[in-house]
Structure formats: C-alpha cells, structure tokens
Number of protein chains: 2
Amino acid sequence: MTEPTVLVDADQERDVIAAVLQRHGASREPAVVQASWLVEADLRGQSSHGIARLPMLVARIQAGLLVPDAVATMNWRRDSVLSVDGARGFGPVVAQQALEIGATRAQTTGIALIAISNSNHLGILAPYVENVAAKGLICIALTTSEALVHPWGGRDAMVGTNPLAIAVPADPSPFVLDMATGQISMGKIIHYSQIGRSLEPGWAVDGEGEPTTDPQAALGGSISPFGGPKGFALGLAFEVLVGSLTNSALGRDVHGTLDAEEVCNKGDVFVCIDQTVVTGVPRSDEVSKYLNDVRSTPAVAGSAGVRIPGERAASERARRTTSGVEVALTSWEAAVDLAGGVDASGMNLDPLGSFVVRDQSPGS
Amino acid sequence: MTEPTVLVDADQERDVIAAVLQRHGASREPAVVQASWLVEADLRGQSSHGIARLPMLVARIQAGLLVPDAVATMNWRRDSVLSVDGARGFGPVVAQQALEIGATRAQTTGIALIAISNSNHLGILAPYVENVAAKGLICIALTTSEALVHPWGGRDAMVGTNPLAIAVPADPSPFVLDMATGQISMGKIIHYSQIGRSLEPGWAVDGEGEPTTDPQAALGGSISPFGGPKGFALGLAFEVLVGSLTNSALGRDVHGTLDAEEVCNKGDVFVCIDQTVVTGVPRSDEVSKYLNDVRSTPAVAGSAGVRIPGERAASERARRTTSGVEVALTSWEAAVDLAGGVDASGMNLDPLGSFVVRDQSPGS
C-alpha cells in the first residue's frame, strides 16, 4: 500500500507555506522562517516535521494559541544567561532570534545559555545548531515534548521524545547530531498506520503497555525509549533538565505541540560555546581528521560503511534540493487549499504543471 | 565459577587506599580524595572503577605519569569559562578543585563551563555532579576515554566509552544520571573473562569486528555502542565535543586511563548551572513530584517497577555503607601489599580479623 505524493520544488514549497501563514496573520519574515523549518524537515526526509504540520499551525493560530507576530521578551539575566518568553510565537522564529543574539554573546563571553518558554514547536533541531556552527561555534539544543515515551519497565507514556542536537565545527561541514530519545517518532507510527505497515518489535507498546507491532494499537499506547534503560534515563534527564531551566511543564502536563486546544508549555534550551575562547586555539582541523578516520573504519558485512551523524540528512537534502521534495499529496492539497487555492496567494502557482504525482513506496 | 571476595568497611577501604597513595608520594588530602572516589565506585557496585584500579594508579605514579601533589592551573578565560591544566594530577582531585570554584562562580554568573585537560582518570562521574547538586545547582559532566567502542556498522574501536552524568536538584535527593555510551564497560568484560561467563549478544565484537559472546575474544575486540546507531552517534558527539573544548586527543590517540605507559590525554568537561538564576524561581518541588509520578508508572510484567536513574546506586551504597563493601580478594591483597603490609601504614590494619571471605556469585 502506497501513499500518493507530489514532487515539489523546495522554494515553491516554502512560498506556499509562507503564503498560508501570511494569509493567517503572519508578517512576511516570520512566515518565511517558519516555512523554512517545515521545508528543511521535508528536504531531509523527516516528513513528520514538514509540511504535514501546517494545518496544525494554522489551527493553533486560529485558536489564539500561536501568535504569528508575537514579540518575544529576551532577558539577559546574567552575561551568559538569556531567558526568553516566546509570547506564543512561532518556535523557529523565537529560537532563531534568541540564537542570533546568544551566539554573538558567546563570541565574547565564551558561552551563552538560552532558556526559552512560552514558545511553539521548534520543528527539527538540526538547522538551529548548524546555523550556529556556521559561525564557528559549538551549539547544543534540547527541547521537550508531550509525554509519548514510556519509562523502561513501565506501561504508560510519562516522558517526552526529548530530542538532542549537537553541532561541532569541522570541515568541510560541521558534525551534526540530531536525535530523539524515543525509538521512533509518533509521526512514523502515524505514517505506518496510514500505509498499513507493521512496526518493528521494540518500537512501541499498546494502550495496556504491552509490546506491539500494530501501528493502530501503538497510536493508543506509547513509544519505547531507544537503547533500553539507558535511553529512558537520558530522555528523563533531558525532561527534568529542560523543565528546570525553563520553568516549563513536565511529563503528562506538557501540551501544545500536537494539538490545537492548549497553550504550548514545553521548554527549549540552547547552549552556544565559542571553543576558541575556551582553549585559545581552533580545533576543527583535528575534529575533521578524526571524523575521516571514523568514516574509514572497515565496515561490517552488509553495511554500506560507517555513517557520521548528519551525513545522511545532508545527502538527502542535497538530492531533494536538486530533484524536488516528495510530499504527501494530501498535505500538499491541504497547503494549497489553506493558501486560498492555486492562485490566491498571488504567486501564480501551477501545481498540475509543475508537480509529478508519484507513488512513493513505504520507507523509501 | 566464582571469585573470592572480602567484606571491608568503607572507611577502612578508604584508609588503606589513602595509605597506599601516601606511601607513594601523595599528601594526605589528595590521597583521601582519590581514595574516596575508588571507594564510592565499590560502594555503588561499580567495581571496575573501585579499588581494582589502585595498582594502575601506583604504576602511573611510579612512571611519572601521575603526579600525586600536582598543582593544577585554573584559568578563568571569561567570567563563566574555566580552563584547567591538571598538571598530571589525580583526576578526582583536579576535578573537585575545579568544581568547587566553578559551582561558586555559577551561583553568581548562572553558568560555569569547566574544561580540564592533562589530568588523570576521573573514576565514576556520579559523585561529582551529586556534590554540585547538593549545593542546589545543576551539573553536567562529560569525559572521554581510550577508543573502546566501535562505530555502528564498523569493525574497529574508534570511540571512547564517553560517559555522561547529569544531576538536577530534587527532594529528598537529586536526580542523578551516570551512564557510559558503550553497552558495557571493559571492566565488565574483564570480570566475565575471569569468571568464565559469556557476554550477552550485542555487547561486544571480536578482533575481526564480528559479534561475540566470548569475553576473551571481546578483550581483543571492542565494545558495541548502546542503543545501536543513536548510541554510537551520542558517543561520537561527546568525543568531538570534549575534544574540542579541552584540546584533548581524539579516538585512537587517547591514552593513559588504562595503561602505565602514556600521559593521560583525554579531556573532562563540566557545566554548573544555577537554575534559580536562570528562571528566578526554584524548581526542585516540581521535579520531585514528576519523578514520583514516573516512579509510580504501572510496571510491566516481570519488572519490579520503574527505577529512577541513580536510585539503584543509592540503595547499593546505603547497603554497603552499613554491611560492608565486597571487594575482590586479589584487589584487596594487592592494596594491603602496596600499603606495605597489614601494619606498615601505621593504621594497625587487621584484615584477617575484620574481613569475611565470601564467595560472590557472578553478577550478584
């Protein structure tokens, strides 16, 4: 069973999403930033964080839970500590504004901690840390989410999927880690449910807390932590760390990244570090050499070789930037509809002319 | 097959280790700090980081690779950035000194980053972050090690076991995570080898990079990352993060925590954060309540219930503080021997009177 997709140019996707957001009250600049974050996810093959999220963003705007032109309050509590009230703004807009001034500050102070509350869903984390690494700085990102992951040994969801991203400058491109602490995303479970595919054992449990490979049952249950008790411990540590640093909600009290009924009360934490301030010398050459050594490790049978984190996303991004982004036909039609139809945005979109409808095989 | 053990009082173990270190050139205070770190590991059931490490410490002192009374250089590069040259000192001594001033600074600045190089093995991480949390601060610890872990999909060890510790203030005791990014420790493989027990599948590979459950074969091979590709990505991220922030060696160039031939060239990174500075309000009540909720999650069949990270170590520690520490007879005899015999330390040790020789079943 396959899902019909359309092939869209990334710039065109960005324009349509931005048009939708502008049509629903956003000014051009925040609309483009938020649109870019959804497009980045689709470009990297993380479709659960791509254009599929647009209708929810619109519903949240309409419900007053997301304020498109919110003015965030940035409070330097100390030289290296920035506390941010996102004023219900777009997650990427608030975070990018905070990271701009946080990274600049870190170039003077060596380190800047950014703690954000009252902001909406960040989307994928990698672009935030990449943008900071492009300035030659290390960046670490943590964010919480609704409780979707069960504790190791427990039956009910109590912990967010709590992803971590880390970028460290290297050549020709920075090292970029971006991973959630759950085995899979809820988006993937939804996708498997839609295409009638079974989950792999160990990915999820049902509503009774029993292991299941049935995506429908998993939708009423919870995601398993990656890596057993260690992965659970890590996700839980991030939950209390972010919750403490942002005064945000914890566990089952977290809402607003997957619904259109509640204010988003999770937290986001970023740390920017200028490594040359810490050590006095740049270090990216040695990091680059080491990563090459790791990449060259003899591969086990059946493996295409050792993959450095972030490289798969980068190659996916490069491919789709050239060849176009496959998005679910339903998501695209919803976006065009929200934009007011093919021409309503004033951009003279011509979907039937520019798009190729394809069958995308599951997991490809 | 079992390993003979002796039951030792923790204070007595500390005194014997300190006596050994004093006999080999350490002043009383650093000797006690280093001794306490080995005892803490044995108290928590992490015997691979306990008294078993003492002969290596002595050998390193004798080789001039560990300088017992080293005077570390602490350099505040910025208000929140402390760069430390450990001058080949004891890992715990250098780190504790740095954390004392780092935590105090963080109470003013909100955050302090500590980057340590040229220091010896830290031992277990949990006590460092616990000590900082006892002052009401969040603490994060990262350290690198010799390359013992193979990349996901690769055959050779290229990454350290790179542990992470995180403490977040809570009541009645802080949340404490302390985990390595390998499936198991090399100490555990050595232990299984000694007692003739098979490893579990997925823990390690042999010298050819093929999966093995034979501990002897694993000793010539490498440890698998925990949690598959995500655990590998995490360990690799910590390697380049710590390597960048401390100008320390990377991958196979790291030496000196498991040998007596090389200067220790790994790095240690700590971050102390005063959460009340960041948010303006204490947060430990909410964290404590949430942890209680997680602890109360209905347990899966066959599970004794959800365990919060650090609780098992705390209960092990409490039990052994009362009932005594089981240490391998060979390790104890080596320590007493290094102290110059039962009376040579001047402490009138009476091991045959105080110790109970027991058979400790594997894994108990």
# chains A, B, ... in the order shown; residues from 1 in each chain; ligands from 1

$ select_by_dssp --residues "range 88-205 of chain A" --states "alpha helix (DSSP H)" --output "JSON, numbers by chain"
{"A": [91, 92, 93, 94, 95, 96, 97, 98, 99, 100, 101, 102, 103, 104, 105, 106, 107, 108, 109, 126, 127, 128, 129, 130, 131, 132, 133, 186, 187, 188, 189, 190, 191, 192, 193, 194, 195]}

$ residues_around --residues "Thr108 in chain A" --least-positions-apart "4" --cutoff "9 Å" --atoms "only C-alpha atoms" --output "list in words"
Thr104, Asp274 and Val277 of chain A; Arg78 of chain B

$ residues_around --residues "Ala133 in chain B" --least-positions-apart "6" --cutoff "8 Å" --atoms "only C-alpha atoms" --output "list in words"
Cys139, Ala167, Val168, Pro169 and Pro174 of chain B

$ write_last_selection --atoms "N, CA and C atoms" --output "mmCIF file, in the first residue's frame"
data_model
loop_
_atom_site.group_PDB
_atom_site.id
_atom_site.type_symbol
_atom_site.label_atom_id
_atom_site.label_comp_id
_atom_site.auth_asym_id
_atom_site.auth_seq_id
_atom_site.Cartn_x
_atom_site.Cartn_y
_atom_site.Cartn_z
ATOM 1 N N CYS B 139 24.332 20.077 37.437
ATOM 2 C CA CYS B 139 25.675 19.813 36.938
ATOM 3 C C CYS B 139 25.635 18.757 35.842
ATOM 4 N N ALA B 167 23.118 15.831 37.024
ATOM 5 C CA ALA B 167 22.369 15.917 38.276
ATOM 6 C C ALA B 167 21.483 17.149 38.240
ATOM 7 N N VAL B 168 20.241 16.965 38.664
ATOM 8 C CA VAL B 168 19.268 18.058 38.745
ATOM 9 C C VAL B 168 18.688 18.042 40.158
ATOM 10 N N PRO B 169 18.747 19.162 40.868
ATOM 11 C CA PRO B 169 18.245 19.188 42.242
ATOM 12 C C PRO B 169 16.798 18.715 42.348
ATOM 13 N N PRO B 174 18.827 14.497 44.740
ATOM 14 C CA PRO B 174 18.781 14.973 43.359
ATOM 15 C C PRO B 174 18.578 13.829 42.372
#

$ residues_around --residues "Ala328 in chain B" --least-positions-apart "3" --cutoff "9 Å" --atoms "only C-alpha atoms" --output "ChimeraX atom specification"
/B:3-7,47,51-52,331-333,360

$ write_last_selection --atoms "all heavy atoms" --output "mmCIF file, in the first residue's frame"
data_model
loop_
_atom_site.group_PDB
_atom_site.id
_atom_site.type_symbol
_atom_site.label_atom_id
_atom_site.label_comp_id
_atom_site.auth_asym_id
_atom_site.auth_seq_id
_atom_site.Cartn_x
_atom_site.Cartn_y
_atom_site.Cartn_z
ATOM 1 N N GLU B 3 34.457 -15.795 42.230
ATOM 2 C CA GLU B 3 35.667 -15.050 42.549
ATOM 3 C C GLU B 3 35.674 -14.801 44.051
ATOM 4 O O GLU B 3 34.697 -14.273 44.588
ATOM 5 C CB GLU B 3 35.612 -13.728 41.785
ATOM 6 C CG GLU B 3 36.826 -12.864 41.935
ATOM 7 C CD GLU B 3 36.629 -11.544 41.193
ATOM 8 O OE1 GLU B 3 35.468 -11.106 41.048
ATOM 9 O OE2 GLU B 3 37.630 -10.958 40.794
ATOM 10 N N PRO B 4 36.738 -15.171 44.771
ATOM 11 C CA PRO B 4 36.736 -14.922 46.213
ATOM 12 C C PRO B 4 36.770 -13.427 46.508
ATOM 13 O O PRO B 4 37.474 -12.665 45.838
ATOM 14 C CB PRO B 4 38.008 -15.614 46.703
ATOM 15 C CG PRO B 4 38.826 -15.889 45.507
ATOM 16 C CD PRO B 4 37.946 -15.848 44.306
ATOM 17 N N THR B 5 35.953 -13.026 47.480
ATOM 18 C CA THR B 5 35.893 -11.615 47.846
ATOM 19 C C THR B 5 36.104 -11.470 49.351
ATOM 20 O O THR B 5 35.979 -12.437 50.102
ATOM 21 C CB THR B 5 34.523 -11.001 47.494
ATOM 22 O OG1 THR B 5 33.511 -11.708 48.201
ATOM 23 C CG2 THR B 5 34.256 -11.065 46.013
ATOM 24 N N VAL B 6 36.415 -10.257 49.763
ATOM 25 C CA VAL B 6 36.447 -9.942 51.189
ATOM 26 C C VAL B 6 35.448 -8.831 51.435
ATOM 27 O O VAL B 6 35.155 -8.031 50.547
ATOM 28 C CB VAL B 6 37.852 -9.490 51.656
ATOM 29 C CG1 VAL B 6 38.831 -10.656 51.582
ATOM 30 C CG2 VAL B 6 38.353 -8.318 50.853
ATOM 31 N N LEU B 7 34.923 -8.821 52.645
ATOM 32 C CA LEU B 7 33.977 -7.781 53.030
ATOM 33 C C LEU B 7 34.742 -6.759 53.869
ATOM 34 O O LEU B 7 35.313 -7.091 54.908
ATOM 35 C CB LEU B 7 32.833 -8.402 53.833
ATOM 36 C CG LEU B 7 31.598 -7.531 54.023
ATOM 37 C CD1 LEU B 7 30.876 -7.332 52.702
ATOM 38 C CD2 LEU B 7 30.665 -8.169 55.046
ATOM 39 N N SER B 47 32.465 -2.022 40.538
ATOM 40 C CA SER B 47 33.784 -2.448 40.995
ATOM 41 C C SER B 47 34.873 -2.216 39.957
ATOM 42 O O SER B 47 36.052 -2.136 40.307
ATOM 43 C CB SER B 47 33.743 -3.922 41.399
ATOM 44 O OG SER B 47 33.290 -4.705 40.315
ATOM 45 N N ILE B 51 38.602 -0.201 43.901
ATOM 46 C CA ILE B 51 39.946 -0.499 44.393
ATOM 47 C C ILE B 51 40.760 -1.293 43.364
ATOM 48 O O ILE B 51 41.998 -1.272 43.398
ATOM 49 C CB ILE B 51 39.860 -1.256 45.743
ATOM 50 C CG1 ILE B 51 41.217 -1.244 46.462
ATOM 51 C CG2 ILE B 51 39.316 -2.646 45.557
ATOM 52 C CD1 ILE B 51 41.139 -1.774 47.889
ATOM 53 N N ALA B 52 40.064 -1.930 42.439
ATOM 54 C CA ALA B 52 40.760 -2.667 41.387
ATOM 55 C C ALA B 52 41.673 -1.757 40.562
ATOM 56 O O ALA B 52 42.625 -2.215 39.927
ATOM 57 C CB ALA B 52 39.739 -3.347 40.465
ATOM 58 N N SER B 331 42.253 -7.908 44.655
ATOM 59 C CA SER B 331 42.396 -6.449 44.714
ATOM 60 C C SER B 331 42.753 -6.004 46.129
ATOM 61 O O SER B 331 43.585 -5.115 46.333
ATOM 62 C CB SER B 331 41.096 -5.760 44.289
ATOM 63 O OG SER B 331 40.815 -5.986 42.936
ATOM 64 N N TRP B 332 42.103 -6.632 47.104
ATOM 65 C CA TRP B 332 42.365 -6.234 48.486
ATOM 66 C C TRP B 332 43.787 -6.598 48.903
ATOM 67 O O TRP B 332 44.506 -5.789 49.510
ATOM 68 C CB TRP B 332 41.347 -6.875 49.433
ATOM 69 C CG TRP B 332 41.543 -6.427 50.846
ATOM 70 C CD1 TRP B 332 42.056 -7.152 51.887
ATOM 71 C CD2 TRP B 332 41.301 -5.113 51.360
ATOM 72 N NE1 TRP B 332 42.134 -6.389 53.011
ATOM 73 C CE2 TRP B 332 41.676 -5.126 52.720
ATOM 74 C CE3 TRP B 332 40.798 -3.938 50.799
ATOM 75 C CZ2 TRP B 332 41.566 -3.992 53.529
ATOM 76 C CZ3 TRP B 332 40.684 -2.815 51.601
ATOM 77 C CH2 TRP B 332 41.066 -2.847 52.949
ATOM 78 N N GLU B 333 44.179 -7.793 48.539
ATOM 79 C CA GLU B 333 45.541 -8.225 48.876
ATOM 80 C C GLU B 333 46.577 -7.327 48.203
ATOM 81 O O GLU B 333 47.593 -6.977 48.809
ATOM 82 C CB GLU B 333 45.743 -9.688 48.474
ATOM 83 C CG GLU B 333 45.003 -10.639 49.417
ATOM 84 C CD GLU B 333 45.126 -12.106 49.006
ATOM 85 O OE1 GLU B 333 45.472 -12.375 47.834
ATOM 86 O OE2 GLU B 333 44.850 -12.953 49.864
ATOM 87 N N GLN B 360 31.442 -14.718 46.064
ATOM 88 C CA GLN B 360 30.440 -13.818 45.490
ATOM 89 C C GLN B 360 30.032 -14.396 44.150
ATOM 90 O O GLN B 360 30.846 -14.535 43.247
ATOM 91 C CB GLN B 360 31.034 -12.425 45.315
ATOM 92 C CG GLN B 360 30.011 -11.427 44.833
ATOM 93 C CD GLN B 360 30.600 -10.048 44.713
ATOM 94 O OE1 GLN B 360 31.811 -9.890 44.675
ATOM 95 N NE2 GLN B 360 29.751 -9.048 44.632
#

$ residues_around --residues "Ile111 in chain B" --least-positions-apart "5" --cutoff "7 Å" --atoms "only C-alpha atoms" --output "PyMOL selection string"
chain B and resi 80+106+272-274

$ interface_residues --of "chain B" --to "chain A" --cutoff "6 Å" --atoms "only C-alpha atoms" --output "PDB file with all heavy atoms, in the first residue's frame"
ATOM      1  N   ARG B  78      37.049  33.521  30.771  1.00  0.00           N
ATOM      2  CA  ARG B  78      35.974  34.507  30.828  1.00  0.00           C
ATOM      3  C   ARG B  78      35.275  34.284  32.177  1.00  0.00           C
ATOM      4  O   ARG B  78      35.539  33.312  32.857  1.00  0.00           O
ATOM      5  CB  ARG B  78      34.965  34.325  29.678  1.00  0.00           C
ATOM      6  CG  ARG B  78      35.518  34.550  28.288  1.00  0.00           C
ATOM      7  CD  ARG B  78      35.891  35.991  28.002  1.00  0.00           C
ATOM      8  NE  ARG B  78      36.246  36.196  26.584  1.00  0.00           N
ATOM      9  CZ  ARG B  78      37.449  35.956  26.066  1.00  0.00           C
ATOM     10  NH1 ARG B  78      38.423  35.477  26.838  1.00  0.00           N
ATOM     11  NH2 ARG B  78      37.684  36.189  24.787  1.00  0.00           N
ATOM     12  N   THR B 109      27.178  33.898  38.282  1.00  0.00           N
ATOM     13  CA  THR B 109      27.038  34.126  36.844  1.00  0.00           C
ATOM     14  C   THR B 109      25.907  33.309  36.221  1.00  0.00           C
ATOM     15  O   THR B 109      25.577  33.494  35.055  1.00  0.00           O
ATOM     16  CB  THR B 109      28.337  33.739  36.112  1.00  0.00           C
ATOM     17  OG1 THR B 109      28.582  32.335  36.342  1.00  0.00           O
ATOM     18  CG2 THR B 109      29.517  34.554  36.604  1.00  0.00           C
ATOM     19  N   GLY B 153      28.136  -0.165  12.497  1.00  0.00           N
ATOM     20  CA  GLY B 153      28.468  -0.552  11.125  1.00  0.00           C
ATOM     21  C   GLY B 153      29.949  -0.723  10.883  1.00  0.00           C
ATOM     22  O   GLY B 153      30.356  -1.120   9.793  1.00  0.00           O
ATOM     23  N   GLY B 154      30.785  -0.452  11.896  1.00  0.00           N
ATOM     24  CA  GLY B 154      32.237  -0.572  11.726  1.00  0.00           C
ATOM     25  C   GLY B 154      32.816  -1.676  12.598  1.00  0.00           C
ATOM     26  O   GLY B 154      32.186  -2.110  13.573  1.00  0.00           O
ATOM     27  N   ARG B 155      34.027  -2.112  12.258  1.00  0.00           N
ATOM     28  CA  ARG B 155      34.618  -3.279  12.913  1.00  0.00           C
ATOM     29  C   ARG B 155      35.597  -2.927  14.034  1.00  0.00           C
ATOM     30  O   ARG B 155      35.872  -3.765  14.888  1.00  0.00           O
ATOM     31  CB  ARG B 155      35.379  -4.122  11.875  1.00  0.00           C
ATOM     32  CG  ARG B 155      34.481  -4.776  10.845  1.00  0.00           C
ATOM     33  CD  ARG B 155      35.299  -5.576   9.833  1.00  0.00           C
ATOM     34  NE  ARG B 155      34.440  -6.210   8.839  1.00  0.00           N
ATOM     35  CZ  ARG B 155      33.913  -7.441   8.983  1.00  0.00           C
ATOM     36  NH1 ARG B 155      34.169  -8.148  10.061  1.00  0.00           N
ATOM     37  NH2 ARG B 155      33.140  -7.938   8.048  1.00  0.00           N
ATOM     38  N   PHE B 226      25.783   1.415  22.986  1.00  0.00           N
ATOM     39  CA  PHE B 226      24.424   1.113  23.461  1.00  0.00           C
ATOM     40  C   PHE B 226      23.431   1.712  22.472  1.00  0.00           C
ATOM     41  O   PHE B 226      23.715   2.727  21.823  1.00  0.00           O
ATOM     42  CB  PHE B 226      24.207   1.671  24.877  1.00  0.00           C
ATOM     43  CG  PHE B 226      23.536   3.025  24.935  1.00  0.00           C
ATOM     44  CD1 PHE B 226      22.165   3.139  25.117  1.00  0.00           C
ATOM     45  CD2 PHE B 226      24.282   4.176  24.816  1.00  0.00           C
ATOM     46  CE1 PHE B 226      21.546   4.394  25.155  1.00  0.00           C
ATOM     47  CE2 PHE B 226      23.680   5.428  24.861  1.00  0.00           C
ATOM     48  CZ  PHE B 226      22.307   5.536  25.025  1.00  0.00           C
ATOM     49  N   GLY B 227      22.297   1.049  22.330  1.00  0.00           N
ATOM     50  CA  GLY B 227      21.216   1.647  21.545  1.00  0.00           C
ATOM     51  C   GLY B 227      21.489   1.807  20.059  1.00  0.00           C
ATOM     52  O   GLY B 227      20.907   2.688  19.419  1.00  0.00           O
ATOM     53  N   ALA B 233      26.072   7.554  17.744  1.00  0.00           N
ATOM     54  CA  ALA B 233      26.067   8.979  17.411  1.00  0.00           C
ATOM     55  C   ALA B 233      26.303   9.829  18.660  1.00  0.00           C
ATOM     56  O   ALA B 233      27.040  10.824  18.628  1.00  0.00           O
ATOM     57  CB  ALA B 233      24.737   9.361  16.753  1.00  0.00           C
ATOM     58  N   SER B 244      37.064  19.072  21.437  1.00  0.00           N
ATOM     59  CA  SER B 244      37.136  20.472  21.014  1.00  0.00           C
ATOM     60  C   SER B 244      37.308  21.413  22.197  1.00  0.00           C
ATOM     61  O   SER B 244      38.067  22.379  22.128  1.00  0.00           O
ATOM     62  CB  SER B 244      35.862  20.874  20.258  1.00  0.00           C
ATOM     63  OG  SER B 244      35.785  20.222  19.019  1.00  0.00           O
ATOM     64  N   LEU B 245      36.590  21.133  23.275  1.00  0.00           N
ATOM     65  CA  LEU B 245      36.562  22.077  24.401  1.00  0.00           C
ATOM     66  C   LEU B 245      37.787  21.957  25.301  1.00  0.00           C
ATOM     67  O   LEU B 245      38.032  22.845  26.126  1.00  0.00           O
ATOM     68  CB  LEU B 245      35.287  21.882  25.227  1.00  0.00           C
ATOM     69  CG  LEU B 245      33.999  22.320  24.539  1.00  0.00           C
ATOM     70  CD1 LEU B 245      32.785  21.978  25.387  1.00  0.00           C
ATOM     71  CD2 LEU B 245      34.047  23.822  24.249  1.00  0.00           C
ATOM     72  N   GLN B 275      20.014  27.100  38.531  1.00  0.00           N
ATOM     73  CA  GLN B 275      18.705  27.179  37.879  1.00  0.00           C
ATOM     74  C   GLN B 275      17.902  28.365  38.395  1.00  0.00           C
ATOM     75  O   GLN B 275      17.118  28.969  37.646  1.00  0.00           O
ATOM     76  CB  GLN B 275      17.986  25.846  38.113  1.00  0.00           C
ATOM     77  CG  GLN B 275      16.547  25.781  37.671  1.00  0.00           C
ATOM     78  CD  GLN B 275      15.619  26.076  38.830  1.00  0.00           C
ATOM     79  OE1 GLN B 275      15.866  25.671  39.954  1.00  0.00           O
ATOM     80  NE2 GLN B 275      14.555  26.801  38.544  1.00  0.00           N
ATOM     81  N   ARG B 283      12.889  25.121  41.435  1.00  0.00           N
ATOM     82  CA  ARG B 283      12.078  24.229  40.624  1.00  0.00           C
ATOM     83  C   ARG B 283      12.099  22.790  41.149  1.00  0.00           C
ATOM     84  O   ARG B 283      11.500  21.909  40.551  1.00  0.00           O
ATOM     85  CB  ARG B 283      12.674  24.276  39.211  1.00  0.00           C
ATOM     86  CG  ARG B 283      11.884  23.620  38.143  1.00  0.00           C
ATOM     87  CD  ARG B 283      10.605  24.346  37.819  1.00  0.00           C
ATOM     88  NE  ARG B 283       9.953  23.648  36.716  1.00  0.00           N
ATOM     89  CZ  ARG B 283       8.666  23.619  36.504  1.00  0.00           C
ATOM     90  NH1 ARG B 283       7.861  24.286  37.283  1.00  0.00           N
ATOM     91  NH2 ARG B 283       8.174  22.946  35.501  1.00  0.00           N
ATOM     92  N   THR B 297       4.586   4.806  37.721  1.00  0.00           N
ATOM     93  CA  THR B 297       4.022   4.254  36.490  1.00  0.00           C
ATOM     94  C   THR B 297       3.768   2.756  36.678  1.00  0.00           C
ATOM     95  O   THR B 297       4.645   2.045  37.166  1.00  0.00           O
ATOM     96  CB  THR B 297       5.020   4.430  35.321  1.00  0.00           C
ATOM     97  OG1 THR B 297       5.528   5.759  35.320  1.00  0.00           O
ATOM     98  CG2 THR B 297       4.353   4.147  33.993  1.00  0.00           C
ATOM     99  N   PRO B 298       2.582   2.270  36.294  1.00  0.00           N
ATOM    100  CA  PRO B 298       2.336   0.826  36.395  1.00  0.00           C
ATOM    101  C   PRO B 298       3.443   0.029  35.701  1.00  0.00           C
ATOM    102  O   PRO B 298       3.848   0.365  34.584  1.00  0.00           O
ATOM    103  CB  PRO B 298       0.989   0.656  35.671  1.00  0.00           C
ATOM    104  CG  PRO B 298       0.321   1.984  35.787  1.00  0.00           C
ATOM    105  CD  PRO B 298       1.417   3.004  35.763  1.00  0.00           C
ATOM    106  N   ALA B 299       3.921  -1.014  36.387  1.00  0.00           N
ATOM    107  CA  ALA B 299       5.066  -1.770  35.883  1.00  0.00           C
ATOM    108  C   ALA B 299       4.643  -2.848  34.903  1.00  0.00           C
ATOM    109  O   ALA B 299       3.551  -3.407  35.014  1.00  0.00           O
ATOM    110  CB  ALA B 299       5.820  -2.397  37.047  1.00  0.00           C
ATOM    111  N   VAL B 300       5.508  -3.137  33.945  1.00  0.00           N
ATOM    112  CA  VAL B 300       5.252  -4.255  33.039  1.00  0.00           C
ATOM    113  C   VAL B 300       5.452  -5.562  33.803  1.00  0.00           C
ATOM    114  O   VAL B 300       6.108  -5.593  34.846  1.00  0.00           O
ATOM    115  CB  VAL B 300       6.178  -4.210  31.807  1.00  0.00           C
ATOM    116  CG1 VAL B 300       5.935  -2.948  31.006  1.00  0.00           C
ATOM    117  CG2 VAL B 300       7.641  -4.317  32.205  1.00  0.00           C
ATOM    118  N   SER B 303       8.674  -6.874  35.819  1.00  0.00           N
ATOM    119  CA  SER B 303       9.500  -5.750  36.258  1.00  0.00           C
ATOM    120  C   SER B 303       9.175  -5.424  37.714  1.00  0.00           C
ATOM    121  O   SER B 303       8.025  -5.525  38.145  1.00  0.00           O
ATOM    122  CB  SER B 303       9.240  -4.521  35.382  1.00  0.00           C
ATOM    123  OG  SER B 303       9.695  -3.346  36.024  1.00  0.00           O
ATOM    124  N   VAL B 306       9.291   0.876  37.862  1.00  0.00           N
ATOM    125  CA  VAL B 306      10.147   1.838  37.170  1.00  0.00           C
ATOM    126  C   VAL B 306      11.199   2.364  38.138  1.00  0.00           C
ATOM    127  O   VAL B 306      10.890   2.747  39.266  1.00  0.00           O
ATOM    128  CB  VAL B 306       9.301   3.004  36.609  1.00  0.00           C
ATOM    129  CG1 VAL B 306      10.192   4.101  36.071  1.00  0.00           C
ATOM    130  CG2 VAL B 306       8.353   2.494  35.539  1.00  0.00           C
ATOM    131  N   PRO B 309      16.887   6.839  37.463  1.00  0.00           N
ATOM    132  CA  PRO B 309      18.346   6.737  37.399  1.00  0.00           C
ATOM    133  C   PRO B 309      18.985   7.218  38.701  1.00  0.00           C
ATOM    134  O   PRO B 309      18.577   8.233  39.262  1.00  0.00           O
ATOM    135  CB  PRO B 309      18.704   7.668  36.236  1.00  0.00           C
ATOM    136  CG  PRO B 309      17.496   7.687  35.371  1.00  0.00           C
ATOM    137  CD  PRO B 309      16.324   7.546  36.301  1.00  0.00           C
TER     138      PRO B 309
END

$ select_by_dssp --residues "range 21-238 of chain B" --states "strand (DSSP E)" --output "PyMOL selection string"
chain B and resi 73-78+81-89+111-119+138-143+164-168+175-179+204-205+211-212+222-223

$ atom_distance --atom1 "CA of Gly341 in chain A" --atom2 "CA of Glu261 in chain A"
26.6 Å

$ atom_distance --atom1 "CA of Arg319 in chain A" --atom2 "CA of Leu258 in chain A"
29.4 Å

$ closest_residue --among "B:Thr213, B:Gln194, B:Gly221, B:Val129" --to "Val269 in chain B" --atoms "only C-alpha atoms"
B:Val129

$ closest_residue --among "A:Leu99, A:Ile223, A:Leu21, A:Leu148" --to "Val132 in chain A" --atoms "only C-alpha atoms"
A:Leu99

$ residues_around --residues "Gly50 in chain A" --least-positions-apart "6" --cutoff "6 Å" --atoms "only C-alpha atoms" --output "list in words"
Leu38, Val39, Ala41 and Asp42 of chain A

$ write_last_selection --atoms "all heavy atoms" --output "compact mmCIF listing (two decimals), in the first residue's frame"
# COMPACT_ATOMS: atom_id res chain seq x y z
N LEU A 38 9.76 23.94 8.16
CA LEU A 38 8.99 22.79 7.67
C LEU A 38 9.65 22.23 6.41
O LEU A 38 9.77 21.01 6.25
CB LEU A 38 7.54 23.19 7.38
CG LEU A 38 6.71 23.74 8.56
CD1 LEU A 38 5.25 23.93 8.12
CD2 LEU A 38 6.76 22.82 9.77
N VAL A 39 10.10 23.12 5.53
CA VAL A 39 10.74 22.67 4.29
C VAL A 39 12.04 21.93 4.59
O VAL A 39 12.34 20.90 3.98
CB VAL A 39 10.99 23.86 3.34
CG1 VAL A 39 11.81 23.43 2.12
CG2 VAL A 39 9.67 24.48 2.90
N ALA A 41 12.72 20.11 7.11
CA ALA A 41 12.39 18.75 7.53
C ALA A 41 12.08 17.88 6.32
O ALA A 41 12.59 16.76 6.20
CB ALA A 41 11.21 18.77 8.50
N ASP A 42 11.25 18.41 5.40
CA ASP A 42 10.93 17.62 4.20
C ASP A 42 12.17 17.38 3.35
O ASP A 42 12.34 16.31 2.77
CB ASP A 42 9.84 18.34 3.39
CG ASP A 42 8.44 18.13 3.98
OD1 ASP A 42 8.22 17.07 4.59
OD2 ASP A 42 7.60 19.02 3.83
